[in-house]
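Right, one structure below, let's go through it.
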Amino acid sequence: MAMKTPRYALTNPVSLLLDKPAAEFTRADLLKIIETKQVERITFHYLAIDGKLKELTVPAADRYHLESVLAEGERVDGSSLFKGMVDMSLSDLYVIPKYSSAFFNPFDEGSLDFICRYLTKDGTPAPFTPDSILSRAAALFRKSSGLELNALGELEFFLLTSPADRSYPVEAHRGYHGSAPFSKSGPILHEMIGHITRVTGAVKYAHSENGFIDCVRSNLPEIAGRLAEQLEIEYLPRPIEDMADDLVLGRWIIRNTAFRHGAVATFTPKLEEGVAGNGLHFHLELAKNGRSAMRGADGKLSVEARKLIGGLCEYADSLTAFGNTVSSAYLRLVPNQEAPTRICWSDLNRSALIRVPLGWSNVTGLGRRVNPADTAEFVDERGGRQTVEIRSPDGSAMIHLTLAGIAMAANWAFRSDLTLFKDYGPLELADSLYVKGNIFADKELLKRLPVLPASCVESSRVLLQKRGHYERDGVFPPSVIDYVAGQLQAENDEFMNKKLTDLPAHDRLHEIRQIMHKDLHKN
């Protein structure tokens, strides 16, 4: 009998053992795995309001108990997991394992692990949890458009180590795609890639990024004096609900792998002045029946793709409330850097908020041009790899809520009844905000482009002004909008940049580092 599951070195071991794809896993399959592999425990993971995965461990000692937990889940305290959002009198939630997420824990040899979903006492999705909000937003978009919204995230982070040998130093701003012996983080990065791929199957590639600090200056003993190398792990496109889980698992794996090597991984938006910050860019793809809908028959961006861009432009300023949640995020979003400050879009242009990258749309057979001996034709079954990239979110992003907001932006663009402009809709909005070249070199252009918020406090105001964008159709509960706005306001950073500008150089640098390093492990 032919094997159902391709056997590659990094294929999910659970799929290999069951000889079936994850989408087909059943409770009986998982009980079989627990018995045959002598699994000692199962571990449930679920996302709390702080953006981090929590866990519950169930020992594998009794079949009935294990089956009941897999079939019906367990209870957790929602008022602790969502502190400040959920009242203690209404706090109990069920966590139910998602069978298709099953994986062997790379840091605990005896554990079979799952991502869980939250359900209420009535067995319905908990309305205020990030996974439920994203699920509602994605379903709303599918219903309004007939399309699938896929996303791929780019996890950028700094790996801080204390290598014994610091020879072959990296020049400032020259770390991009570096290799050994200049890059010291290769072996740890490769281990991270292996773990994330086995768990999610969603890694596209990884590489070193521009950021490099030979000796971190900080008051925090955890990072002071360490070598900091910026790395990136980019994912393959997945439906946005799956991508959110995969990215949160990726951050969990990256941190754990670093910890086991005596290193520190941080996704903080900014680690040092004058050094590249950690973005969390999202590439977005519209698809229908498994094929890309991003390009038309003429090879140009499709109407649907341009509608998506228009929706992102309409929502861009309020999306910072979910994608840029700490003060240091607004030390990254500054002019003349590869981080946006104005709402616009462009082809290939990294100074724009929304970028249309190369997408293999007008050329094929590139491998044969370089390798003429290879005469076999490659057939693209997915209709191309074109995406559009939104570049504002960073490592402080609330991933599920950011993607839910992006789905609401896309839904707005495909619903004529939601058009907020009297004279034009998403296509006209996109046309009006298209730019070419470096936008910071054209002062007149800059004057007419809408600006992104410059602080958490400003982001909170925009979110509250535009809360209807998110609360419509019951997707974002008002309590969630209020909670996020309150967290942003607590940063009290509205006049941060002015205060920093007025300080003497030494005091300014000290204060900037205080701001950058206070949220080292946010989300």
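Chains: A, B, ... in order of the structure tokens. Residues: from 1 per chain. Ligands: from 1, in order shown.
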
Exercise for the section: Just the residues within 9 Å of stretch 69-83 of chain A, please, counting only C-alpha atoms, with nothing from its chain fewer than 5 positions along; format it as a list in words. Expected result: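 Residues near the query, excluding close chain neighbours: Arg27, Leu30, Leu31, Leu47, Ala48, Ile49, Asp50, Lys54, Leu56, Val58, Tyr64, Met88, Ser89, Leu90, Ser91, Asp92, Leu93, Tyr94, Val95, Ile96, Pro97, Tyr99, Cys116, Phe128 and Thr129 of chain A.
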
Where does stretch 217-329 of chain A meet stretch 429-441 of chain A within 7 Å, residue by residue, with the nearest atom pair and distance in Å to one decimal for each, counting only C-alpha atoms, listed by chain and rising number, as CSV?
residue,atom,partner,partner_atom,distance
A:Arg306,CA,A:Ala430,CA,6.6
A:Ile309,CA,A:Ala430,CA,6.1
A:Gly310,CA,A:Ala430,CA,4.4

Practice task
Any chance you could list, as a ChimeraX atom specification, the residues in stretch 337-422 of chain A that come up strand (DSSP E) when DSSP is run on the backbone?
Solution key: /A:345-347,354-356,388-390

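Shortest separation to A:Gln230 among A:Lys288, A:His261, A:Lys204, A:His173 occurs at residue A:His173, atoms counted being only C-alpha atoms.
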
Exercise for the section: For A:Tyr8, work out the shell of residues within 12 Å, counting only C-alpha atoms and skipping chain neighbours fewer than 6 positions away, then give it as a ChimeraX atom specification. Expected result: /A:15-16,194,197-198,201

Exercise for the section: Using atom CA of A:Pro340 and atom CA of A:Glu458 as the two end points, give the distance in Å to one decimal. Expected result: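 Separation between atom CA of A:Pro340 and atom CA of A:Glu458: 16.0 Å.
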